[in-house]
Amino acid sequence: DQQVKQNSPSLSVQEGRISILNCDYTNSMFDYFLWYKKYPAEGPTFLISISSIKDKNEDGRFTVFLNKSAKHLSLHIVPSQPGDSAVYFCAASVGRSNYQLIWGAGTKLIIKP
Amino acid sequence: GAVVSQHPSWVICKSGTSVKIECRSLDFQATTMFWYRQFPKKSLMLMATSNEGSKATYEQGVEKDKFLINHASLTLSTLTVTSAHPEDSSFYICSAKQGGNQPQHFGDGTRLSIL
């Protein structure tokens with residue numbers, strides 16, 4: 001049973017426009033969520049996180065929105081840049097110590113020049 | 001800050017040999033380190049979690065005698081794939097975490113190819 005789902009395997013966005021990556025979860029016990037970015041043959045890089053006490057967290061071009069009632073979160077990147085082309089993973093945990101992360105399958109983001 | 005170094009980045013070896021992968025936190029002390037495996041076009045699969053000075057906790061289906069984990073210090077964990085076979089070929093990634101609310105920080109992974 002996949003507790004964290006990223007239903008779009010890939011997404012193509014024009015440079016300069018907004019990229020919106022989506023993630024759904026099923027476990028209502030999750031209360032801490034993270035987004036990681038991964039280039040081929042490299043480990044994931046932490047981008048941004050949000051705890052369930054918030055519904056929005058912003059860091060530069062990256063904003064994460066959390067809708068607890070819908071068990072849905074999204075990552076917005078604006079404006080999108082060519083260097084943003086990568087695979088983006090959503091991860092969730094129970095407890096803010098994010099001791100054990102449950103990962104989505106990832107969404108490959110392609111930024112078109 | 002929060003740099004994790006993983007070595008080697010790529011290894012090719014014959015079937016039956018053992019391979020050791022090192023994971024080091026370079027600028028912080030990692031109370032916990034994690035070992036993941038990634039299959040092509042799949043998500044990260046957690047293999048085991050290790051705390052410094054104690055035995056690793058393995059996920060269901062992961063053979064602890066096959067994948068030996070040692071976490072001897074707060075900056076170093078090793079994964080040894082014993083008697084490796086072609087089906088062990090994969091991308092192995094480690095992560096390290098400080099205590100509290102700090103996120104996991106990942107190494108760049110090791111591409112293991114068993115011939």
# chains A, B, ... in the order shown; residues from 1 in each chain; ligands from 1
call {"tool": "interface_residues", "arguments": {"of": "chain A", "to": "chain B", "cutoff": "9 Å", "atoms": "only C-alpha atoms", "output": "list in words"}}
result
Leu34, Ala41, Glu42, Gly43, Pro44, Thr45, Phe46, Ser49, Phe89, Gly95, Arg96, Ser97, Asn98, Tyr99, Gln100, Leu101, Ile102, Trp103, Gly104, Ala105 and Gly106 of chain A
call {"tool": "write_last_selection", "arguments": {"atoms": "all heavy atoms", "output": "compact mmCIF listing (two decimals), in the first residue's frame"}}
result
# COMPACT_ATOMS: atom_id res chain seq x y z
N LEU A 34 8.31 16.65 3.56
CA LEU A 34 9.53 17.22 3.00
C LEU A 34 9.53 17.03 1.49
O LEU A 34 8.96 16.08 0.97
CB LEU A 34 10.78 16.53 3.58
CG LEU A 34 10.91 16.46 5.10
CD1 LEU A 34 10.30 15.18 5.66
CD2 LEU A 34 12.37 16.56 5.51
N ALA A 41 22.14 10.08 -10.82
CA ALA A 41 23.40 9.60 -10.23
C ALA A 41 23.87 10.46 -9.06
O ALA A 41 25.07 10.49 -8.75
CB ALA A 41 24.50 9.52 -11.30
N GLU A 42 22.95 11.15 -8.42
CA GLU A 42 23.28 11.90 -7.20
C GLU A 42 22.26 11.56 -6.13
O GLU A 42 21.16 11.08 -6.43
CB GLU A 42 23.27 13.41 -7.46
CG GLU A 42 24.39 13.90 -8.36
CD GLU A 42 24.38 15.41 -8.47
OE1 GLU A 42 23.65 16.08 -7.72
OE2 GLU A 42 25.12 15.92 -9.33
N GLY A 43 22.61 11.85 -4.88
CA GLY A 43 21.65 11.68 -3.81
C GLY A 43 20.66 12.82 -3.80
O GLY A 43 20.91 13.90 -4.35
N PRO A 44 19.51 12.63 -3.17
CA PRO A 44 18.52 13.71 -3.07
C PRO A 44 19.04 14.88 -2.25
O PRO A 44 19.83 14.70 -1.33
CB PRO A 44 17.35 13.04 -2.35
CG PRO A 44 17.56 11.57 -2.51
CD PRO A 44 19.04 11.38 -2.55
N THR A 45 18.58 16.06 -2.60
CA THR A 45 18.93 17.28 -1.89
C THR A 45 17.68 17.85 -1.24
O THR A 45 16.66 18.01 -1.91
CB THR A 45 19.51 18.33 -2.85
OG1 THR A 45 20.65 17.78 -3.50
CG2 THR A 45 19.92 19.59 -2.11
N PHE A 46 17.76 18.13 0.05
CA PHE A 46 16.62 18.68 0.76
C PHE A 46 16.26 20.06 0.22
O PHE A 46 17.13 20.92 0.03
CB PHE A 46 16.93 18.76 2.25
CG PHE A 46 15.91 19.51 3.06
CD1 PHE A 46 14.66 18.96 3.29
CD2 PHE A 46 16.20 20.77 3.57
CE1 PHE A 46 13.72 19.66 4.02
CE2 PHE A 46 15.26 21.46 4.29
CZ PHE A 46 14.01 20.91 4.52
N SER A 49 10.45 21.94 3.78
CA SER A 49 9.59 21.07 4.58
C SER A 49 8.42 21.86 5.14
O SER A 49 8.40 23.10 5.11
CB SER A 49 10.40 20.44 5.72
OG SER A 49 10.86 21.44 6.61
N PHE A 89 11.00 14.42 -5.14
CA PHE A 89 10.39 13.43 -4.26
C PHE A 89 9.70 14.12 -3.10
O PHE A 89 10.24 15.03 -2.47
CB PHE A 89 11.45 12.47 -3.71
CG PHE A 89 12.02 11.52 -4.71
CD1 PHE A 89 13.21 11.79 -5.35
CD2 PHE A 89 11.35 10.34 -5.02
CE1 PHE A 89 13.74 10.91 -6.28
CE2 PHE A 89 11.87 9.45 -5.94
CZ PHE A 89 13.07 9.74 -6.59
N GLY A 95 5.82 12.51 13.26
CA GLY A 95 6.73 13.15 14.19
C GLY A 95 7.70 14.06 13.47
O GLY A 95 8.20 13.73 12.40
N ARG A 96 7.98 15.19 14.07
CA ARG A 96 8.83 16.19 13.42
C ARG A 96 10.30 15.81 13.38
O ARG A 96 11.09 16.42 12.72
CB ARG A 96 8.67 17.53 14.12
CG ARG A 96 7.28 18.11 13.99
CD ARG A 96 7.26 19.56 14.38
NE ARG A 96 8.09 20.35 13.48
CZ ARG A 96 8.45 21.60 13.73
NH1 ARG A 96 8.07 22.19 14.82
NH2 ARG A 96 9.20 22.26 12.87
N SER A 97 10.64 14.78 14.09
CA SER A 97 12.03 14.36 14.01
C SER A 97 12.32 13.67 12.70
O SER A 97 13.46 13.33 12.42
CB SER A 97 12.34 13.42 15.17
OG SER A 97 11.55 12.26 15.08
N ASN A 98 11.29 13.47 11.88
CA ASN A 98 11.39 12.77 10.57
C ASN A 98 12.39 11.64 10.61
O ASN A 98 13.23 11.49 9.75
CB ASN A 98 11.61 13.74 9.42
CG ASN A 98 12.94 14.48 9.42
OD1 ASN A 98 13.88 14.08 8.76
ND2 ASN A 98 13.01 15.56 10.14
N TYR A 99 12.23 10.83 11.62
CA TYR A 99 13.14 9.71 11.81
C TYR A 99 13.05 8.73 10.67
O TYR A 99 14.06 8.28 10.14
CB TYR A 99 12.79 9.03 13.13
CG TYR A 99 13.68 7.88 13.49
CD1 TYR A 99 14.96 8.10 13.97
CD2 TYR A 99 13.24 6.58 13.34
CE1 TYR A 99 15.78 7.05 14.30
CE2 TYR A 99 14.07 5.52 13.68
CZ TYR A 99 15.33 5.76 14.17
OH TYR A 99 16.15 4.72 14.51
N GLN A 100 11.86 8.39 10.27
CA GLN A 100 11.70 7.46 9.16
C GLN A 100 10.79 8.10 8.13
O GLN A 100 9.65 8.45 8.43
CB GLN A 100 11.09 6.15 9.65
CG GLN A 100 11.03 5.09 8.56
CD GLN A 100 10.64 3.74 9.11
OE1 GLN A 100 9.59 3.59 9.72
NE2 GLN A 100 11.49 2.75 8.93
N LEU A 101 11.33 8.25 6.94
CA LEU A 101 10.59 8.91 5.87
C LEU A 101 9.92 7.88 4.98
O LEU A 101 10.50 6.86 4.63
CB LEU A 101 11.54 9.77 5.04
CG LEU A 101 12.21 10.93 5.76
CD1 LEU A 101 13.16 11.66 4.83
CD2 LEU A 101 11.18 11.89 6.31
N ILE A 102 8.70 8.18 4.60
CA ILE A 102 7.98 7.40 3.60
C ILE A 102 7.99 8.23 2.31
O ILE A 102 7.55 9.38 2.31
CB ILE A 102 6.54 7.09 4.04
CG1 ILE A 102 6.53 6.45 5.43
CG2 ILE A 102 5.86 6.19 3.02
CD1 ILE A 102 7.28 5.14 5.53
N TRP A 103 8.46 7.63 1.24
CA TRP A 103 8.72 8.39 0.02
C TRP A 103 7.67 8.15 -1.06
O TRP A 103 7.15 7.04 -1.19
CB TRP A 103 10.08 7.98 -0.56
CG TRP A 103 11.23 8.33 0.32
CD1 TRP A 103 11.67 7.63 1.40
CD2 TRP A 103 12.07 9.47 0.20
NE1 TRP A 103 12.75 8.26 1.96
CE2 TRP A 103 13.03 9.38 1.25
CE3 TRP A 103 12.16 10.54 -0.68
CZ2 TRP A 103 14.02 10.35 1.43
CZ3 TRP A 103 13.14 11.49 -0.50
CH2 TRP A 103 14.05 11.39 0.55
N GLY A 104 7.39 9.19 -1.82
CA GLY A 104 6.64 9.03 -3.05
C GLY A 104 7.56 8.51 -4.14
O GLY A 104 8.77 8.39 -3.94
N ALA A 105 6.97 8.22 -5.29
CA ALA A 105 7.73 7.63 -6.39
C ALA A 105 8.51 8.66 -7.20
O ALA A 105 9.32 8.31 -8.04
CB ALA A 105 6.80 6.85 -7.31
N GLY A 106 8.22 9.95 -6.97
CA GLY A 106 8.95 11.00 -7.66
C GLY A 106 8.23 11.50 -8.90
O GLY A 106 7.46 10.77 -9.53
call {"tool": "residues_around", "arguments": {"residues": "A:Asn27", "least_positions_apart": "6", "cutoff": "12 Å", "atoms": "only C-alpha atoms", "output": "list in words"}}
result
Asp1, Gln2, Gln3, Val4, Lys5, Phe33, Lys68, Ser69, Ala70, Lys71, His72, Ala92, Ser93, Val94 and Ile102 of chain A
call {"tool": "atom_distance", "arguments": {"atom1": "atom CA of A:Lys54", "atom2": "atom CA of A:Tyr36"}}
result
18.8 Å
call {"tool": "closest_residue", "arguments": {"among": "A:Gln14, A:Ser19, A:Ser80, A:Thr63", "to": "A:Lys112", "atoms": "only C-alpha atoms"}}
result
A:Gln14
call {"tool": "select_by_dssp", "arguments": {"residues": "chain B", "states": "strand (DSSP E)", "output": "ChimeraX atom specification"}}
result
/B:4-7,10-13,19-25,32-38,44-51,57-58,67-73,76-81,90-97,105-106,110-114
call {"tool": "closest_residue", "arguments": {"among": "B:Ser90, B:Thr17, B:Gln29, B:Tyr36", "to": "B:Val62", "atoms": "only C-alpha atoms"}}
result
B:Tyr36
call {"tool": "closest_residue", "arguments": {"among": "B:Ser113, B:Gln38, B:Thr80, B:Ser15", "to": "B:Lys64", "atoms": "only C-alpha atoms"}}
result
B:Thr80
call {"tool": "residues_around", "arguments": {"residues": "stretch 57-59 of chain A", "least_positions_apart": "2", "cutoff": "12 Å", "atoms": "only C-alpha atoms", "output": "tab-separated table (two decimals) with all heavy atoms, in the first residue's frame"}}
result
chain	number	residue	atom	x	y	z
A	33	PHE	N	6.28	16.88	6.45
A	33	PHE	CA	6.42	16.58	5.05
A	33	PHE	C	7.63	17.31	4.48
A	33	PHE	O	7.91	18.45	4.85
A	33	PHE	CB	5.15	17.00	4.29
A	33	PHE	CG	3.89	16.39	4.86
A	33	PHE	CD1	3.20	17.03	5.87
A	33	PHE	CD2	3.43	15.16	4.41
A	33	PHE	CE1	2.06	16.48	6.43
A	33	PHE	CE2	2.29	14.59	4.95
A	33	PHE	CZ	1.60	15.25	5.96
A	34	LEU	N	8.31	16.65	3.56
A	34	LEU	CA	9.53	17.22	3.00
A	34	LEU	C	9.53	17.03	1.49
A	34	LEU	O	8.96	16.08	0.97
A	34	LEU	CB	10.78	16.53	3.58
A	34	LEU	CG	10.91	16.46	5.10
A	34	LEU	CD1	10.30	15.18	5.66
A	34	LEU	CD2	12.37	16.56	5.51
A	35	TRP	N	10.18	17.94	0.82
A	35	TRP	CA	10.43	17.80	-0.61
A	35	TRP	C	11.93	17.74	-0.84
A	35	TRP	O	12.70	18.54	-0.29
A	35	TRP	CB	9.85	18.98	-1.39
A	35	TRP	CG	8.37	18.93	-1.57
A	35	TRP	CD1	7.42	19.53	-0.79
A	35	TRP	CD2	7.65	18.25	-2.61
A	35	TRP	NE1	6.16	19.27	-1.27
A	35	TRP	CE2	6.27	18.48	-2.39
A	35	TRP	CE3	8.03	17.47	-3.71
A	35	TRP	CZ2	5.28	17.96	-3.23
A	35	TRP	CZ3	7.05	16.95	-4.54
A	35	TRP	CH2	5.69	17.20	-4.29
A	47	LEU	N	14.96	20.27	-0.02
A	47	LEU	CA	14.50	21.56	-0.55
A	47	LEU	C	13.75	22.36	0.49
A	47	LEU	O	14.11	23.48	0.82
A	47	LEU	CB	13.56	21.33	-1.73
A	47	LEU	CG	14.15	21.14	-3.12
A	47	LEU	CD1	13.03	20.87	-4.10
A	47	LEU	CD2	14.97	22.34	-3.54
A	48	ILE	N	12.68	21.79	0.99
A	48	ILE	CA	11.78	22.54	1.86
A	48	ILE	C	10.92	21.54	2.62
A	48	ILE	O	10.69	20.43	2.15
A	48	ILE	CB	10.92	23.52	1.04
A	48	ILE	CG1	10.21	24.54	1.94
A	48	ILE	CG2	9.93	22.78	0.14
A	48	ILE	CD1	9.57	25.69	1.16
A	49	SER	N	10.45	21.94	3.78
A	49	SER	CA	9.59	21.07	4.58
A	49	SER	C	8.42	21.86	5.14
A	49	SER	O	8.40	23.10	5.11
A	49	SER	CB	10.40	20.44	5.72
A	49	SER	OG	10.86	21.44	6.61
A	50	ILE	N	7.46	21.12	5.67
A	50	ILE	CA	6.32	21.76	6.31
A	50	ILE	C	5.78	20.83	7.37
A	50	ILE	O	5.73	19.60	7.17
A	50	ILE	CB	5.24	22.14	5.28
A	50	ILE	CG1	4.14	23.00	5.93
A	50	ILE	CG2	4.62	20.90	4.63
A	50	ILE	CD1	3.21	23.65	4.92
A	51	SER	N	5.39	21.38	8.49
A	51	SER	CA	4.76	20.56	9.52
A	51	SER	C	3.25	20.76	9.44
A	51	SER	O	2.77	21.73	8.85
A	51	SER	CB	5.27	20.91	10.91
A	51	SER	OG	4.59	22.03	11.41
A	52	SER	N	2.54	19.85	10.05
A	52	SER	CA	1.07	19.87	9.91
A	52	SER	C	0.41	21.04	10.64
A	52	SER	O	-0.79	21.26	10.48
A	52	SER	CB	0.49	18.54	10.39
A	52	SER	OG	0.84	18.32	11.74
A	53	ILE	N	1.17	21.76	11.43
A	53	ILE	CA	0.57	22.92	12.11
A	53	ILE	C	0.49	24.13	11.18
A	53	ILE	O	-0.09	25.15	11.52
A	53	ILE	CB	1.33	23.28	13.40
A	53	ILE	CG1	2.78	23.66	13.09
A	53	ILE	CG2	1.27	22.13	14.39
A	53	ILE	CD1	3.53	24.18	14.31
A	54	LYS	N	1.11	24.00	10.01
A	54	LYS	CA	1.09	25.09	9.04
A	54	LYS	C	0.37	24.64	7.78
A	54	LYS	O	0.21	23.44	7.53
A	54	LYS	CB	2.51	25.52	8.67
A	54	LYS	CG	3.29	26.16	9.80
A	54	LYS	CD	4.62	26.65	9.29
A	54	LYS	CE	5.39	27.38	10.36
A	54	LYS	NZ	6.68	27.90	9.86
A	55	ASP	N	-0.05	25.59	6.96
A	55	ASP	CA	-0.58	25.21	5.65
A	55	ASP	C	0.25	25.77	4.50
A	55	ASP	O	-0.03	25.50	3.34
A	55	ASP	CB	-2.05	25.64	5.50
A	55	ASP	CG	-2.26	27.11	5.81
A	55	ASP	OD1	-1.28	27.87	5.76
A	55	ASP	OD2	-3.40	27.50	6.10
A	61	ARG	N	12.14	30.78	-4.17
A	61	ARG	CA	11.24	30.44	-5.29
A	61	ARG	C	10.35	29.24	-4.97
A	61	ARG	O	9.48	28.88	-5.77
A	61	ARG	CB	12.08	30.11	-6.53
A	61	ARG	CG	12.86	31.30	-7.09
A	61	ARG	CD	13.54	30.95	-8.42
A	61	ARG	NE	14.50	29.86	-8.29
A	61	ARG	CZ	14.36	28.69	-8.90
A	61	ARG	NH1	13.30	28.44	-9.66
A	61	ARG	NH2	15.28	27.75	-8.75
A	62	PHE	N	10.59	28.61	-3.85
A	62	PHE	CA	9.87	27.38	-3.50
A	62	PHE	C	8.84	27.63	-2.41
A	62	PHE	O	9.15	28.23	-1.38
A	62	PHE	CB	10.86	26.30	-3.03
A	62	PHE	CG	11.92	25.96	-4.03
A	62	PHE	CD1	13.15	26.60	-4.02
A	62	PHE	CD2	11.67	25.02	-5.01
A	62	PHE	CE1	14.12	26.30	-4.96
A	62	PHE	CE2	12.64	24.70	-5.96
A	62	PHE	CZ	13.87	25.35	-5.93
A	63	THR	N	7.61	27.17	-2.65
A	63	THR	CA	6.55	27.26	-1.66
A	63	THR	C	5.87	25.91	-1.57
A	63	THR	O	5.55	25.31	-2.61
A	63	THR	CB	5.52	28.33	-2.04
A	63	THR	OG1	6.19	29.58	-2.20
A	63	THR	CG2	4.46	28.46	-0.95
A	64	VAL	N	5.67	25.43	-0.36
A	64	VAL	CA	4.93	24.19	-0.18
A	64	VAL	C	3.60	24.52	0.51
A	64	VAL	O	3.56	25.30	1.45
A	64	VAL	CB	5.75	23.14	0.61
A	64	VAL	CG1	6.20	23.69	1.96
A	64	VAL	CG2	4.96	21.87	0.79
A	65	PHE	N	2.53	23.95	-0.03
A	65	PHE	CA	1.20	24.11	0.51
A	65	PHE	C	0.71	22.76	1.04
A	65	PHE	O	0.91	21.74	0.39
A	65	PHE	CB	0.24	24.61	-0.58
A	65	PHE	CG	0.54	25.98	-1.09
A	65	PHE	CD1	1.35	26.15	-2.21
A	65	PHE	CD2	0.01	27.11	-0.48
A	65	PHE	CE1	1.65	27.41	-2.70
A	65	PHE	CE2	0.30	28.38	-0.96
A	65	PHE	CZ	1.12	28.53	-2.08
A	66	LEU	N	0.07	22.81	2.19
A	66	LEU	CA	-0.46	21.59	2.79
A	66	LEU	C	-1.96	21.73	3.02
A	66	LEU	O	-2.40	22.68	3.68
A	66	LEU	CB	0.26	21.28	4.11
A	66	LEU	CG	-0.26	20.10	4.92
A	66	LEU	CD1	-0.10	18.79	4.14
A	66	LEU	CD2	0.45	20.00	6.27
A	73	LEU	N	-0.44	17.73	-0.58
A	73	LEU	CA	0.49	18.85	-0.54
A	73	LEU	C	1.05	19.09	-1.94
A	73	LEU	O	0.99	18.21	-2.80
A	73	LEU	CB	1.62	18.64	0.48
A	73	LEU	CG	2.63	17.52	0.31
A	73	LEU	CD1	3.92	17.92	1.01
A	73	LEU	CD2	2.10	16.25	0.93
A	74	SER	N	1.49	20.32	-2.11
A	74	SER	CA	2.03	20.67	-3.42
A	74	SER	C	3.26	21.55	-3.25
A	74	SER	O	3.39	22.28	-2.26
A	74	SER	CB	0.98	21.38	-4.29
A	74	SER	OG	0.53	22.57	-3.66
A	75	LEU	N	4.14	21.45	-4.21
A	75	LEU	CA	5.34	22.29	-4.25
A	75	LEU	C	5.23	23.20	-5.46
A	75	LEU	O	5.02	22.72	-6.58
A	75	LEU	CB	6.60	21.41	-4.38
A	75	LEU	CG	7.92	22.15	-4.57
A	75	LEU	CD1	8.28	22.93	-3.31
A	75	LEU	CD2	9.04	21.18	-4.93
A	76	HIS	N	5.34	24.50	-5.21
A	76	HIS	CA	5.30	25.47	-6.29
A	76	HIS	C	6.69	26.05	-6.49
A	76	HIS	O	7.34	26.46	-5.51
A	76	HIS	CB	4.32	26.61	-5.96
A	76	HIS	CG	2.89	26.17	-5.91
A	76	HIS	ND1	1.86	27.00	-6.29
A	76	HIS	CD2	2.31	24.99	-5.57
A	76	HIS	CE1	0.71	26.36	-6.16
A	76	HIS	NE2	0.96	25.14	-5.72
A	77	ILE	N	7.11	26.11	-7.73
A	77	ILE	CA	8.40	26.71	-8.07
A	77	ILE	C	8.11	27.84	-9.05
A	77	ILE	O	7.58	27.62	-10.14
A	77	ILE	CB	9.34	25.68	-8.73
A	77	ILE	CG1	9.50	24.42	-7.87
A	77	ILE	CG2	10.72	26.31	-8.95
A	77	ILE	CD1	10.27	23.29	-8.54
A	78	VAL	N	8.47	29.05	-8.61
A	78	VAL	CA	8.21	30.18	-9.51
A	78	VAL	C	9.27	31.26	-9.32
A	78	VAL	O	9.57	31.62	-8.19
A	78	VAL	CB	6.78	30.73	-9.29
A	78	VAL	CG1	6.56	31.13	-7.84
A	78	VAL	CG2	6.48	31.89	-10.19
call {"tool": "residues_around", "arguments": {"residues": "B:Leu79", "least_positions_apart": "5", "cutoff": "10 Å", "atoms": "only C-alpha atoms", "output": "JSON, numbers by chain"}}
result
{"B": [19, 20, 21, 22, 23, 35, 48, 66, 67, 68, 69, 70, 71, 92, 94]}
call {"tool": "closest_residue", "arguments": {"among": "A:Asn67, A:Cys23, A:Pro9, A:Gly83", "to": "A:Tyr39", "atoms": "only C-alpha atoms"}}
result
A:Gly83
call {"tool": "atom_distance", "arguments": {"atom1": "atom CA of B:Ser89", "atom2": "atom CA of A:Pro40"}}
result
16.5 Å
call {"tool": "atom_distance", "arguments": {"atom1": "atom CA of B:Pro40", "atom2": "atom CA of A:Cys90"}}
result
17.5 Å
call {"tool": "residues_around", "arguments": {"residues": "B:Ser25", "least_positions_apart": "2", "cutoff": "7 Å", "atoms": "only C-alpha atoms", "output": "number ranges by chain"}}
result
B: 3-5, 23, 27-30, 75-76, 96
call {"tool": "closest_residue", "arguments": {"among": "B:Glu63, B:Arg37, B:Ser18, B:His7", "to": "B:Ser77", "atoms": "only C-alpha atoms"}}
result
B:His7
call {"tool": "closest_residue", "arguments": {"among": "B:Ile12, B:Ser73, B:Ala56, B:Phe39", "to": "B:His85", "atoms": "only C-alpha atoms"}}
result
B:Ile12
